[in-house]
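Below is one structure, written out as structure tokens, with a few remarks after it.
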Amino acid sequence: MSAIPVKSSYAEPLPNVPLHRHICQQLQQHYQALRHQHMRDMFAEDPQRFERFSLQVGDLFLDYSKNRINSETMALLVKLAEEADITGWRDRMFGGEKINNTENRAVLHVALRNRSDRPVWVDGVDVMPDVRAVIDKMAAFAEQVREGAWLGYSGKRITDVVNIGIGGSDLGPQMVYQALKPYRHPDLKVHFISNVDGTHAEEALEALNPETTLFIISSKTFTTQETMTNAFFTRSWFLQHAQLECHIARHFVAVSTNRDAVVAFGIDAAQMFEFWDWVGGRYSLWSAIGLSIVLAIGHENFLALLQGAHDMDEHFQHAPLAQNMPVIMAMLGVWYNNFFGAESQVILPYDHYLRSLPMYLEQADMESNGKSVDRNGQVVDYATGAIVWGASGINGQHAFYQLIHQGTKLIPADFIVSMQSHSSLQSHHDILVANFLAQTEALMRGRTLEETQSSVTDQAYLAQKVFAGNHPSNALLVNQLTPHALGMLLAAYEHKIFVQGVIWNLNSFDQWGVELGKQLAKQILPELSLHDAVTSHDASTNGLINYYHRWRKAS
Ligand code: G6Q
């Protein structure tokens with residue numbers, strides 16, 4: 001057997017991040033002193049706790065006082081951030097250094113939303129002129145479509161846009177499209193096809209008219225199997241109706257870094273919206289991958305989204321670590337992950353329009369920091385990225401909150417709520433906000449046996465009705481879910497992920513863990529249409545392939 005490194009159990013709290021052993025030992029000692037303290041006592045002892053542990057940055061207000069921390073915790077965590085050279089790594093990222101070492105690439109999604117007139121250098125070249133040119137090209141194209149000047153092959157205006165992409169070329173635009181619904185063009189709908197389960201494409205096309213539909217093939221590589229399968233399928237669906245290949249030009253555009261593949265597909269290079277290898281897929285909604293967003297909400301709103309992200313970038317670059325929102329969020333995550341042994345992080349938006357945010361952050365976080373080998377190729381012996389999960393908070397209350405309140409796992413929670421709803425139903429909004437407040441209070445305070453005794457009428461099964469409390473949460477308040485505020489929120493999470501990656505000494509910008517399955521799928525695909533039984537895999541995989549053979553033959 002070759003030397004596959006064996007890791008120690010990740011269930012253990014593993015504080016000894018190797019590069020920062022001394023400060024981690026201090027944090028470990030501090031953890032031992034603090035672990036049995038209850039947050040309700042901390043609040044009772046410190047009337048300033050809310051002011052002490054909260055901060056406003058632009059449209060966002062972060063209350064992190066309902067965490068299992070005191071001033072010493074935060075001072076130690078900031079010291080850890082300093083020792084890990086967060087500021088150095090941050091400057092290297094913004095400076096265009098190739099910090100994505102395994103792919104030899106710079107990491108510059110921040111350049112895409114650089115609204116200042118500062119240059120951003122990659123290999124001695126300022127990338128900003130190209131970035132601005134693509135933004136302008138997207139704006140000009142979107143304006144034509146939105147105003148009805150861009151017509152389909154039979155002379156009708158475009159009413160539907162279909163983004164075909166997957167992963168980073170799908171989740172971001174889809175989430176933003178949903179989040180910014182009030183800003184959408186009233187007569188232009190955007191649809192997203194990602195899944196290679198044929199039902200996704202079939203169902204999406206069922207309701208569409210080829211004469212009035214525009215397809216965006218969004219793929220950084222333009223080789224992704226799922227996307228290209230759906231792209232070729234929609235192309236032939238379109239041609240069945242439109243007949244002539246020359247009509248493709250009015251109905252297909254591409255977003256990619258791979259010009260040759262785009263042209264080979266039959267899309268004119270002039271109808272390709274470019275981005276660059278220094279934009280990671282899961283960080284790409286700010287690039288041309290956001291074309292569907294621009295079409296939906298218009299250029300000005302897209303610029304506001306970029307501006308919001310840029311404002312967060314500025315804050316991240318210039319605020320001291322102790323008052324730096326992404327750094328605080330990141331270090332709290334490290335505190336629970338590496339000292340309390342917490343395995344997951346739940347994202348709970350109390351905003352219907354943010355209901356896809358948990359799914360988006362699952363990718364952003366877990367594909368970035370779900371790694372057990374550090375940036376130098378060493379197997380780590382400490383916990384890295386948490387399992388990120390979540391759903392609409394109010395719906396979760398009636399589903400999985402039981403486990404957060406009374407289960408055996410410690411699950412740090414991020415509650416996200418807009419102060420001002422886009423709905424005119426103020427009483428609905430009050431109920432929503434009351435529930436968010438109640439949940440964070442209940443998680444923090446819990447309910448003791450005595451309190452339970454005096455507050456419930458049925459005194460049976462009291463133990464089951466007690467809440468231990470002391471469950472940590474952050475409250476992220478958004479003034480109103482505007483494009484600018486959303487930009488700030490997403491950039492805050494991106495930088496949180498970045499900071500955690502630095503603490504854990506990871507390259508947060510590669511994703512080798514998605515490769516093996518893709519390669520095996522390519523091998524297996526031709527085997528599915530063989531007549532003879534397959535014997536080249538393990539018994540389980542052979543058995544499953546041959547089971548599928550029988551179904552395939554039968555149908
Ligand atoms: C994101 C990942 C991944 C990627 C998709 C789509 O960071 O790399 O989710 O975005 O695999 O890739 P293409 O855009 O190349 O089709």
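To be explicit about the labels: the chains of the structure tokens are called A, B, and onward in the order shown, and within each one the residues are counted from 1, while ligands get numbers from 1 in the order they are shown.
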inquiry  = To check your reading of the model: which residues sit at most 8 Å from ligand 1 when counting only C-alpha atoms and all ligand atoms? Write the answer as a VMD selection string.
reply    = chain A and resid 165 to 170 218 to 225 227 256 280 to 283 363 to 364 367 to 368 509 to 511
Export N, CA, C and O atoms of the chosen residues as a CSV table (one decimal), in the first residue's frame?
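And here is the file that came out, result.csv:
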```csv
chain,number,residue,atom,x,y,z
A,165,GLY,N,-24.7,26.7,-16.5
A,165,GLY,CA,-23.4,26.7,-15.8
A,165,GLY,C,-23.6,25.8,-14.6
A,165,GLY,O,-24.7,25.5,-14.2
A,166,ILE,N,-22.5,25.5,-13.9
A,166,ILE,CA,-22.6,24.7,-12.7
A,166,ILE,C,-21.6,25.2,-11.7
A,166,ILE,O,-20.6,25.8,-12.1
A,167,GLY,N,-21.8,24.9,-10.4
A,167,GLY,CA,-20.8,25.3,-9.4
A,167,GLY,C,-20.7,26.8,-9.3
A,167,GLY,O,-21.7,27.5,-9.3
A,168,GLY,N,-19.5,27.2,-9.4
A,168,GLY,CA,-19.2,28.7,-9.3
A,168,GLY,C,-19.8,29.4,-10.5
A,168,GLY,O,-20.0,30.6,-10.4
A,169,SER,N,-20.1,28.8,-11.5
A,169,SER,CA,-20.7,29.5,-12.7
A,169,SER,C,-22.2,29.4,-12.6
A,169,SER,O,-22.9,29.7,-13.6
A,170,ASP,N,-22.8,29.1,-11.5
A,170,ASP,CA,-24.2,29.0,-11.3
A,170,ASP,C,-24.7,29.5,-9.9
A,170,ASP,O,-25.6,30.3,-9.9
A,218,SER,N,-22.1,29.7,-19.4
A,218,SER,CA,-21.2,30.2,-18.5
A,218,SER,C,-20.3,29.1,-18.0
A,218,SER,O,-20.7,28.2,-17.2
A,219,SER,N,-19.1,29.2,-18.4
A,219,SER,CA,-18.1,28.1,-18.0
A,219,SER,C,-16.7,28.7,-18.2
A,219,SER,O,-16.3,29.0,-19.3
A,220,LYS,N,-16.0,28.7,-17.1
A,220,LYS,CA,-14.6,29.3,-17.1
A,220,LYS,C,-13.8,28.4,-18.1
A,220,LYS,O,-13.1,29.0,-18.9
A,221,THR,N,-13.9,27.1,-18.0
A,221,THR,CA,-13.0,26.3,-18.8
A,221,THR,C,-13.7,25.9,-20.1
A,221,THR,O,-13.0,25.6,-21.1
A,222,PHE,N,-15.0,26.0,-20.2
A,222,PHE,CA,-15.8,25.6,-21.4
A,222,PHE,C,-15.5,24.1,-21.7
A,222,PHE,O,-15.6,23.7,-22.9
A,223,THR,N,-15.2,23.3,-20.7
A,223,THR,CA,-15.1,21.9,-20.9
A,223,THR,C,-15.9,21.1,-19.9
A,223,THR,O,-15.9,19.9,-20.0
A,224,THR,N,-16.5,21.8,-19.0
A,224,THR,CA,-17.2,21.0,-17.9
A,224,THR,C,-18.4,20.2,-18.5
A,224,THR,O,-19.2,20.7,-19.2
A,225,GLN,N,-18.3,18.9,-18.1
A,225,GLN,CA,-19.2,17.9,-18.8
A,225,GLN,C,-20.7,18.3,-18.7
A,225,GLN,O,-21.4,18.3,-19.7
A,227,THR,N,-22.1,21.2,-18.0
A,227,THR,CA,-22.5,22.4,-18.7
A,227,THR,C,-22.5,22.2,-20.2
A,227,THR,O,-23.4,22.6,-20.9
A,256,SER,N,-16.5,33.0,-20.5
A,256,SER,CA,-15.5,32.0,-20.4
A,256,SER,C,-14.1,32.6,-20.4
A,256,SER,O,-13.9,33.8,-20.7
A,280,GLY,N,-11.3,32.7,-9.3
A,280,GLY,CA,-11.7,31.4,-9.0
A,280,GLY,C,-13.2,31.2,-9.2
A,280,GLY,O,-14.0,32.2,-9.1
A,281,GLY,N,-13.6,30.0,-9.6
A,281,GLY,CA,-15.0,29.8,-10.0
A,281,GLY,C,-16.0,30.3,-8.9
A,281,GLY,O,-17.0,31.0,-9.1
A,282,ARG,N,-15.7,29.9,-7.6
A,282,ARG,CA,-16.6,30.3,-6.5
A,282,ARG,C,-16.5,31.7,-6.1
A,282,ARG,O,-17.2,32.2,-5.2
A,283,TYR,N,-15.6,32.5,-6.7
A,283,TYR,CA,-15.4,33.9,-6.4
A,283,TYR,C,-15.7,34.7,-7.7
A,283,TYR,O,-15.3,35.8,-7.8
A,363,GLN,N,-20.6,26.2,-0.8
A,363,GLN,CA,-19.5,26.0,-1.7
A,363,GLN,C,-18.3,26.9,-1.4
A,363,GLN,O,-17.2,26.5,-1.4
A,364,ALA,N,-18.7,28.2,-1.2
A,364,ALA,CA,-17.6,29.2,-1.0
A,364,ALA,C,-16.6,28.7,0.1
A,364,ALA,O,-15.4,28.8,0.0
A,367,GLU,N,-15.4,24.4,-0.3
A,367,GLU,CA,-14.5,24.1,-1.4
A,367,GLU,C,-13.2,24.9,-1.2
A,367,GLU,O,-12.2,24.5,-1.7
A,368,SER,N,-13.3,25.9,-0.4
A,368,SER,CA,-12.0,26.7,-0.1
A,368,SER,C,-11.2,26.1,1.0
A,368,SER,O,-10.0,26.0,0.9
A,509,PHE,N,-7.7,28.5,-2.5
A,509,PHE,CA,-8.2,28.8,-3.9
A,509,PHE,C,-8.0,27.7,-4.9
A,509,PHE,O,-8.3,27.9,-6.1
A,510,ASP,N,-7.6,26.5,-4.4
A,510,ASP,CA,-7.6,25.4,-5.4
A,510,ASP,C,-8.7,24.5,-4.9
A,510,ASP,O,-9.4,24.7,-4.0
A,511,GLN,N,-9.0,23.4,-5.7
A,511,GLN,CA,-10.1,22.5,-5.4
A,511,GLN,C,-9.8,21.1,-5.9
A,511,GLN,O,-10.5,20.6,-6.7
```
inquiry  = Run DSSP on the backbone and tell me which residues of segment 225-447 of chain A come out as strand (DSSP E); list them as a PyMOL selection string.
reply    = chain A and resi 252-256+272-274+344-350+387-390+413-420
request  = Could you please determine the separation between atom CA of Ser372 of chain A and atom CA of Gly385 of chain A in Å, to one decimal place?
outcome  = 9.1 Å
query = With distances taken over only C-alpha atoms, which of A:Trp89, A:Phe415, A:Tyr382, A:Phe232 is nearest to Gln345 of chain A?
reply = A:Phe415
message = Give me, as a list in words, all polymer residues having an atom no more than 12 Å from Gly88 of chain A, counting only C-alpha atoms and skipping those fewer than 6 positions away in the same chain.
response = Ala81, Glu82, Phe94, Gly95, Glu97, Ile99, Gln317, Val499 and Val502 of chain A
Since we have the selection now, will you write its residues out, keeping N, CA, C and O atoms, as a PDB file, in the first residue's frame?
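File part_34.pdb, as written:
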```pdb
ATOM      1  N   ALA A  81      -4.187  35.983  14.859  1.00  0.00           N
ATOM      2  CA  ALA A  81      -4.311  36.511  13.489  1.00  0.00           C
ATOM      3  C   ALA A  81      -3.040  37.272  13.096  1.00  0.00           C
ATOM      4  O   ALA A  81      -2.550  37.146  11.967  1.00  0.00           O
ATOM      5  N   GLU A  82      -2.484  38.016  14.059  1.00  0.00           N
ATOM      6  CA  GLU A  82      -1.243  38.756  13.773  1.00  0.00           C
ATOM      7  C   GLU A  82      -0.100  37.790  13.509  1.00  0.00           C
ATOM      8  O   GLU A  82       0.647  37.933  12.546  1.00  0.00           O
ATOM      9  N   PHE A  94      -4.172  41.105  -2.467  1.00  0.00           N
ATOM     10  CA  PHE A  94      -4.549  42.337  -3.158  1.00  0.00           C
ATOM     11  C   PHE A  94      -3.446  42.798  -4.120  1.00  0.00           C
ATOM     12  O   PHE A  94      -3.720  43.496  -5.094  1.00  0.00           O
ATOM     13  N   GLY A  95      -2.214  42.414  -3.834  1.00  0.00           N
ATOM     14  CA  GLY A  95      -1.085  42.838  -4.663  1.00  0.00           C
ATOM     15  C   GLY A  95      -0.868  41.944  -5.882  1.00  0.00           C
ATOM     16  O   GLY A  95       0.082  42.144  -6.638  1.00  0.00           O
ATOM     17  N   GLU A  97      -0.044  38.739  -6.015  1.00  0.00           N
ATOM     18  CA  GLU A  97       0.925  37.629  -5.921  1.00  0.00           C
ATOM     19  C   GLU A  97       0.228  36.307  -6.171  1.00  0.00           C
ATOM     20  O   GLU A  97      -0.960  36.166  -5.861  1.00  0.00           O
ATOM     21  N   ILE A  99      -0.755  33.613  -4.883  1.00  0.00           N
ATOM     22  CA  ILE A  99      -0.926  32.896  -3.611  1.00  0.00           C
ATOM     23  C   ILE A  99      -1.677  31.578  -3.811  1.00  0.00           C
ATOM     24  O   ILE A  99      -1.696  30.751  -2.913  1.00  0.00           O
ATOM     25  N   GLN A 317      -9.069  45.788   4.233  1.00  0.00           N
ATOM     26  CA  GLN A 317      -7.671  46.176   4.035  1.00  0.00           C
ATOM     27  C   GLN A 317      -7.183  47.178   5.070  1.00  0.00           C
ATOM     28  O   GLN A 317      -6.006  47.186   5.401  1.00  0.00           O
ATOM     29  N   VAL A 499      -9.336  34.528   5.656  1.00  0.00           N
ATOM     30  CA  VAL A 499      -8.599  34.629   6.929  1.00  0.00           C
ATOM     31  C   VAL A 499      -8.461  33.244   7.564  1.00  0.00           C
ATOM     32  O   VAL A 499      -7.378  32.857   8.025  1.00  0.00           O
ATOM     33  N   VAL A 502      -5.783  31.261   5.938  1.00  0.00           N
ATOM     34  CA  VAL A 502      -4.427  31.664   6.343  1.00  0.00           C
ATOM     35  C   VAL A 502      -4.099  31.068   7.712  1.00  0.00           C
ATOM     36  O   VAL A 502      -3.004  30.518   7.918  1.00  0.00           O
TER      37      VAL A 502
END
```
message = Would you pick out the contacts of Glu343 of chain A at 10 Å or less, using only C-alpha atoms, so that residues sharing its chain but fewer than 2 positions from it are not included, and give the list as a ChimeraX atom specification?
response = /A:10-13,336-338,340-341,345,383-388,409-412
Quick one: write out the picked residues with all heavy atoms as a short mmCIF file (atom, residue, chain, number, x, y, z; two decimals), in the first residue's frame?
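Result file out33.cif:
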```
data_model
loop_
_atom_site.label_atom_id
_atom_site.label_comp_id
_atom_site.auth_asym_id
_atom_site.auth_seq_id
_atom_site.Cartn_x
_atom_site.Cartn_y
_atom_site.Cartn_z
N TYR A 10 -10.62 13.98 13.58
CA TYR A 10 -11.00 15.39 13.49
C TYR A 10 -12.01 15.77 14.56
O TYR A 10 -12.32 16.94 14.72
CB TYR A 10 -11.56 15.69 12.11
CG TYR A 10 -10.54 15.65 11.03
CD1 TYR A 10 -10.77 14.98 9.85
CD2 TYR A 10 -9.31 16.29 11.20
CE1 TYR A 10 -9.82 14.95 8.85
CE2 TYR A 10 -8.36 16.26 10.21
CZ TYR A 10 -8.61 15.58 9.03
OH TYR A 10 -7.67 15.56 8.04
N ALA A 11 -12.58 14.76 15.22
CA ALA A 11 -13.58 15.09 16.23
C ALA A 11 -12.95 15.74 17.46
O ALA A 11 -13.60 16.41 18.22
CB ALA A 11 -14.32 13.83 16.64
N GLU A 12 -11.64 15.53 17.62
CA GLU A 12 -10.96 16.13 18.78
C GLU A 12 -10.76 17.62 18.54
O GLU A 12 -10.44 18.02 17.43
CB GLU A 12 -9.58 15.49 18.93
CG GLU A 12 -9.61 14.02 19.24
CD GLU A 12 -10.15 13.77 20.62
OE1 GLU A 12 -9.66 14.40 21.56
OE2 GLU A 12 -11.09 12.97 20.75
N PRO A 13 -10.87 18.41 19.58
CA PRO A 13 -10.44 19.80 19.41
C PRO A 13 -8.92 19.81 19.28
O PRO A 13 -8.22 19.29 20.15
CB PRO A 13 -10.89 20.48 20.70
CG PRO A 13 -11.25 19.41 21.64
CD PRO A 13 -11.41 18.12 20.91
N TYR A 336 -14.24 28.21 17.77
CA TYR A 336 -15.13 27.06 17.97
C TYR A 336 -14.58 25.80 17.28
O TYR A 336 -14.66 24.70 17.81
CB TYR A 336 -16.54 27.37 17.45
CG TYR A 336 -17.16 28.50 18.24
CD1 TYR A 336 -17.52 29.69 17.64
CD2 TYR A 336 -17.33 28.38 19.62
CE1 TYR A 336 -18.05 30.73 18.39
CE2 TYR A 336 -17.84 29.41 20.37
CZ TYR A 336 -18.20 30.59 19.74
OH TYR A 336 -18.70 31.61 20.49
N ASN A 337 -14.02 26.01 16.10
CA ASN A 337 -13.54 24.87 15.31
C ASN A 337 -12.35 24.19 15.97
O ASN A 337 -12.30 22.98 16.11
CB ASN A 337 -13.13 25.42 13.93
CG ASN A 337 -12.91 24.35 12.88
OD1 ASN A 337 -13.82 23.63 12.53
ND2 ASN A 337 -11.70 24.26 12.38
N ASN A 338 -11.40 24.99 16.42
CA ASN A 338 -10.13 24.42 16.88
C ASN A 338 -10.00 24.30 18.39
O ASN A 338 -9.07 23.65 18.87
CB ASN A 338 -8.97 25.24 16.32
CG ASN A 338 -8.91 25.14 14.82
OD1 ASN A 338 -9.54 25.91 14.12
ND2 ASN A 338 -8.19 24.17 14.31
N PHE A 340 -13.16 24.44 20.72
CA PHE A 340 -14.36 23.77 21.23
C PHE A 340 -14.65 22.46 20.47
O PHE A 340 -15.52 21.71 20.86
CB PHE A 340 -15.59 24.68 21.11
CG PHE A 340 -15.64 25.78 22.14
CD1 PHE A 340 -14.85 26.90 22.02
CD2 PHE A 340 -16.50 25.68 23.25
CE1 PHE A 340 -14.90 27.92 22.97
CE2 PHE A 340 -16.55 26.69 24.19
CZ PHE A 340 -15.75 27.81 24.06
N GLY A 341 -13.95 22.24 19.37
CA GLY A 341 -14.19 21.02 18.58
C GLY A 341 -15.50 21.05 17.82
O GLY A 341 -16.03 20.00 17.44
N GLN A 345 -21.01 24.86 11.07
CA GLN A 345 -21.38 26.28 11.19
C GLN A 345 -22.69 26.43 10.43
O GLN A 345 -22.76 26.09 9.26
CB GLN A 345 -20.28 27.13 10.54
CG GLN A 345 -20.67 28.54 10.17
CD GLN A 345 -20.74 29.46 11.38
OE1 GLN A 345 -19.76 29.64 12.09
NE2 GLN A 345 -21.91 30.05 11.63
N ALA A 383 -8.02 20.60 12.99
CA ALA A 383 -9.25 20.72 12.22
C ALA A 383 -9.17 21.94 11.30
O ALA A 383 -8.69 23.01 11.70
CB ALA A 383 -10.44 20.86 13.17
N THR A 384 -9.64 21.77 10.08
CA THR A 384 -9.73 22.92 9.15
C THR A 384 -11.21 23.25 8.92
O THR A 384 -11.99 23.19 9.85
CB THR A 384 -8.94 22.64 7.86
OG1 THR A 384 -9.52 21.48 7.24
CG2 THR A 384 -7.47 22.38 8.14
N GLY A 385 -11.58 23.54 7.68
CA GLY A 385 -12.91 24.08 7.39
C GLY A 385 -14.08 23.33 8.03
O GLY A 385 -14.15 22.11 8.01
N ALA A 386 -15.00 24.11 8.58
CA ALA A 386 -16.20 23.54 9.19
C ALA A 386 -17.17 23.07 8.11
O ALA A 386 -17.09 23.51 6.96
CB ALA A 386 -16.87 24.60 10.05
N ILE A 387 -18.09 22.22 8.52
CA ILE A 387 -19.20 21.84 7.64
C ILE A 387 -20.18 23.01 7.68
O ILE A 387 -20.69 23.36 8.75
CB ILE A 387 -19.90 20.57 8.16
CG1 ILE A 387 -18.91 19.41 8.23
CG2 ILE A 387 -21.13 20.24 7.31
CD1 ILE A 387 -19.34 18.29 9.17
N VAL A 388 -20.39 23.61 6.54
CA VAL A 388 -21.30 24.77 6.49
C VAL A 388 -22.66 24.29 5.98
O VAL A 388 -22.74 23.56 5.00
CB VAL A 388 -20.73 25.87 5.58
CG1 VAL A 388 -21.71 27.01 5.42
CG2 VAL A 388 -19.42 26.39 6.15
N LYS A 409 -24.42 18.47 19.90
CA LYS A 409 -23.38 19.14 19.12
C LYS A 409 -23.37 20.64 19.41
O LYS A 409 -24.42 21.24 19.58
CB LYS A 409 -23.66 18.98 17.61
CG LYS A 409 -23.95 17.56 17.16
CD LYS A 409 -22.69 16.84 16.82
CE LYS A 409 -22.94 15.50 16.18
NZ LYS A 409 -23.50 14.49 17.10
N LEU A 410 -22.18 21.20 19.40
CA LEU A 410 -22.08 22.66 19.49
C LEU A 410 -22.10 23.21 18.06
O LEU A 410 -21.22 22.88 17.26
CB LEU A 410 -20.78 23.06 20.18
CG LEU A 410 -20.59 24.58 20.29
CD1 LEU A 410 -21.49 25.16 21.37
CD2 LEU A 410 -19.14 24.93 20.56
N ILE A 411 -23.10 24.02 17.77
CA ILE A 411 -23.24 24.52 16.39
C ILE A 411 -23.30 26.05 16.39
O ILE A 411 -24.35 26.64 16.64
CB ILE A 411 -24.50 23.94 15.71
CG1 ILE A 411 -24.44 22.41 15.75
CG2 ILE A 411 -24.61 24.44 14.27
CD1 ILE A 411 -25.60 21.71 15.12
N PRO A 412 -22.16 26.70 16.16
CA PRO A 412 -22.19 28.17 16.07
C PRO A 412 -23.11 28.59 14.92
O PRO A 412 -23.10 27.95 13.86
CB PRO A 412 -20.74 28.54 15.75
CG PRO A 412 -19.93 27.33 16.02
CD PRO A 412 -20.83 26.15 15.88
#
```
message = Set the distance at 12 Å and use only C-alpha atoms: which residues neighbour Gln323 of chain A once local chain neighbours fewer than 4 positions away are removed? I'd like the list as a ChimeraX atom specification.
response = /A:52-57,62,64,74-75,78,315-319,327-329,331
query = What's the 7 Å shell around Asn230 of chain A, counting only C-alpha atoms, without same-chain residues fewer than 3 positions away, as a PyMOL selection string?
reply = chain A and resi 196+201+226-227+233-234
message = Can you tell me which residues surround segment 304-311 of chain A at a distance of at most 8 Å, considering only C-alpha atoms, apart from same-chain residues fewer than 5 positions away, and format the answer as a VMD selection string?
response = chain A and resid 58 110 112 to 115 286 483 to 492
Now that the selection is made, can you save its residues with N, CA and C atoms as a short mmCIF file (atom, residue, chain, number, x, y, z; two decimals), in the first residue's frame?
```cif
data_model
loop_
_atom_site.label_atom_id
_atom_site.label_comp_id
_atom_site.auth_asym_id
_atom_site.auth_seq_id
_atom_site.Cartn_x
_atom_site.Cartn_y
_atom_site.Cartn_z
N GLY A 58 -20.58 50.12 7.27
CA GLY A 58 -21.50 50.44 6.18
C GLY A 58 -22.90 49.94 6.48
N VAL A 110 -10.98 40.53 -6.02
CA VAL A 110 -11.11 41.91 -5.52
C VAL A 110 -10.87 42.94 -6.63
N LEU A 112 -12.02 42.69 -9.61
CA LEU A 112 -13.25 42.78 -10.40
C LEU A 112 -14.18 43.86 -9.85
N ARG A 113 -14.04 44.14 -8.56
CA ARG A 113 -14.92 45.14 -7.94
C ARG A 113 -14.11 46.31 -7.42
N ASN A 114 -12.92 46.48 -7.97
CA ASN A 114 -12.09 47.63 -7.58
C ASN A 114 -12.69 48.88 -8.20
N ARG A 115 -13.43 49.62 -7.42
CA ARG A 115 -14.10 50.81 -7.95
C ARG A 115 -13.23 52.05 -7.78
N TRP A 286 -18.66 38.29 -9.47
CA TRP A 286 -18.32 39.70 -9.73
C TRP A 286 -17.80 39.90 -11.14
N PRO A 483 -28.52 46.09 -3.50
CA PRO A 483 -27.33 45.54 -4.16
C PRO A 483 -26.05 45.88 -3.38
N HIS A 484 -25.97 47.10 -2.88
CA HIS A 484 -24.77 47.50 -2.15
C HIS A 484 -24.59 46.67 -0.89
N ALA A 485 -25.67 46.50 -0.13
CA ALA A 485 -25.58 45.74 1.12
C ALA A 485 -25.22 44.28 0.84
N LEU A 486 -25.81 43.73 -0.21
CA LEU A 486 -25.52 42.34 -0.55
C LEU A 486 -24.04 42.19 -0.92
N GLY A 487 -23.53 43.15 -1.67
CA GLY A 487 -22.10 43.13 -2.03
C GLY A 487 -21.24 43.12 -0.78
N MET A 488 -21.59 43.95 0.19
CA MET A 488 -20.81 43.99 1.44
C MET A 488 -20.87 42.66 2.16
N LEU A 489 -22.07 42.11 2.23
CA LEU A 489 -22.27 40.86 2.97
C LEU A 489 -21.45 39.72 2.35
N LEU A 490 -21.53 39.59 1.03
CA LEU A 490 -20.82 38.48 0.38
C LEU A 490 -19.31 38.65 0.49
N ALA A 491 -18.84 39.88 0.35
CA ALA A 491 -17.40 40.11 0.46
C ALA A 491 -16.92 39.83 1.89
N ALA A 492 -17.76 40.14 2.87
CA ALA A 492 -17.38 39.86 4.27
C ALA A 492 -17.15 38.36 4.45
#
```
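Taking atom CA of Gly124 of chain A and atom CA of Ala288 of chain A as the two end points, the separation is 23.0 Å.
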Give me, as a Markdown table, the closest atom pair and its distance (Å, one decimal) for every residue of segment 288-362 of chain A within a cut-off of 6 Å of segment 392-398 of chain A, counting only C-alpha atoms, rows sorted by chain and rising number.
```
| residue | atom | partner | partner_atom | distance |
| --- | --- | --- | --- | --- |
| A:Leu348 | CA | A:Gly393 | CA | 4.5 |
| A:Pro349 | CA | A:Ser392 | CA | 5.2 |
| A:Tyr350 | CA | A:Gly393 | CA | 5.2 |
| A:Arg355 | CA | A:Ser392 | CA | 5.1 |
```
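Put simply, atom CA of Arg445 of chain A is 21.8 Å away from atom CA of Asp430 of chain A.
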message = Considering only alpha helix (DSSP H) as DSSP defines it on the backbone, what residues of segment 88-117 of chain A qualify? List them as a list of chain:residue names.
response =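 The alpha helix (DSSP H) residues within segment 88-117 of chain A come out as A:Gly88, A:Trp89, A:Arg90, A:Asp91, A:Arg92, A:Met93, A:Phe94, A:His109, A:Val110, A:Ala111, A:Leu112.
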Selection from above, N, CA, C and O atoms, as a compact mmCIF listing (two decimals), in the first residue's frame, can you write it?
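The result, stored in part.txt:
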```
# COMPACT_ATOMS: atom_id res chain seq x y z
N GLY A 88 -0.12 40.39 6.03
CA GLY A 88 0.83 40.10 4.96
C GLY A 88 0.17 39.32 3.83
O GLY A 88 0.30 39.66 2.66
N TRP A 89 -0.57 38.27 4.20
CA TRP A 89 -1.25 37.46 3.18
C TRP A 89 -2.30 38.29 2.45
O TRP A 89 -2.47 38.17 1.23
N ARG A 90 -3.02 39.10 3.23
CA ARG A 90 -4.03 39.98 2.61
C ARG A 90 -3.36 40.88 1.57
O ARG A 90 -3.84 41.00 0.44
N ASP A 91 -2.23 41.48 1.93
CA ASP A 91 -1.57 42.37 0.99
C ASP A 91 -1.04 41.61 -0.22
O ASP A 91 -1.04 42.12 -1.33
N ARG A 92 -0.60 40.38 0.04
CA ARG A 92 -0.13 39.59 -1.11
C ARG A 92 -1.29 39.29 -2.06
O ARG A 92 -1.14 39.33 -3.27
N MET A 93 -2.46 38.99 -1.49
CA MET A 93 -3.63 38.73 -2.35
C MET A 93 -3.98 39.99 -3.16
O MET A 93 -4.06 39.93 -4.40
N PHE A 94 -4.17 41.11 -2.47
CA PHE A 94 -4.55 42.34 -3.16
C PHE A 94 -3.45 42.80 -4.12
O PHE A 94 -3.72 43.50 -5.09
N HIS A 109 -10.26 38.27 -7.28
CA HIS A 109 -11.67 38.66 -7.42
C HIS A 109 -11.88 40.08 -6.91
O HIS A 109 -12.81 40.76 -7.32
N VAL A 110 -10.98 40.53 -6.02
CA VAL A 110 -11.11 41.91 -5.52
C VAL A 110 -10.87 42.94 -6.63
O VAL A 110 -11.39 44.06 -6.56
N ALA A 111 -10.11 42.56 -7.66
CA ALA A 111 -9.89 43.50 -8.78
C ALA A 111 -11.18 43.71 -9.57
O ALA A 111 -11.41 44.79 -10.13
N LEU A 112 -12.02 42.69 -9.61
CA LEU A 112 -13.25 42.78 -10.40
C LEU A 112 -14.18 43.86 -9.85
O LEU A 112 -15.03 44.38 -10.56
```
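With only C-alpha atoms as the atoms that count, the minimum distance from Leu403 of chain A to the choices A:His471, A:Lys137, A:Leu361, A:Ile293 is reached by A:His471.
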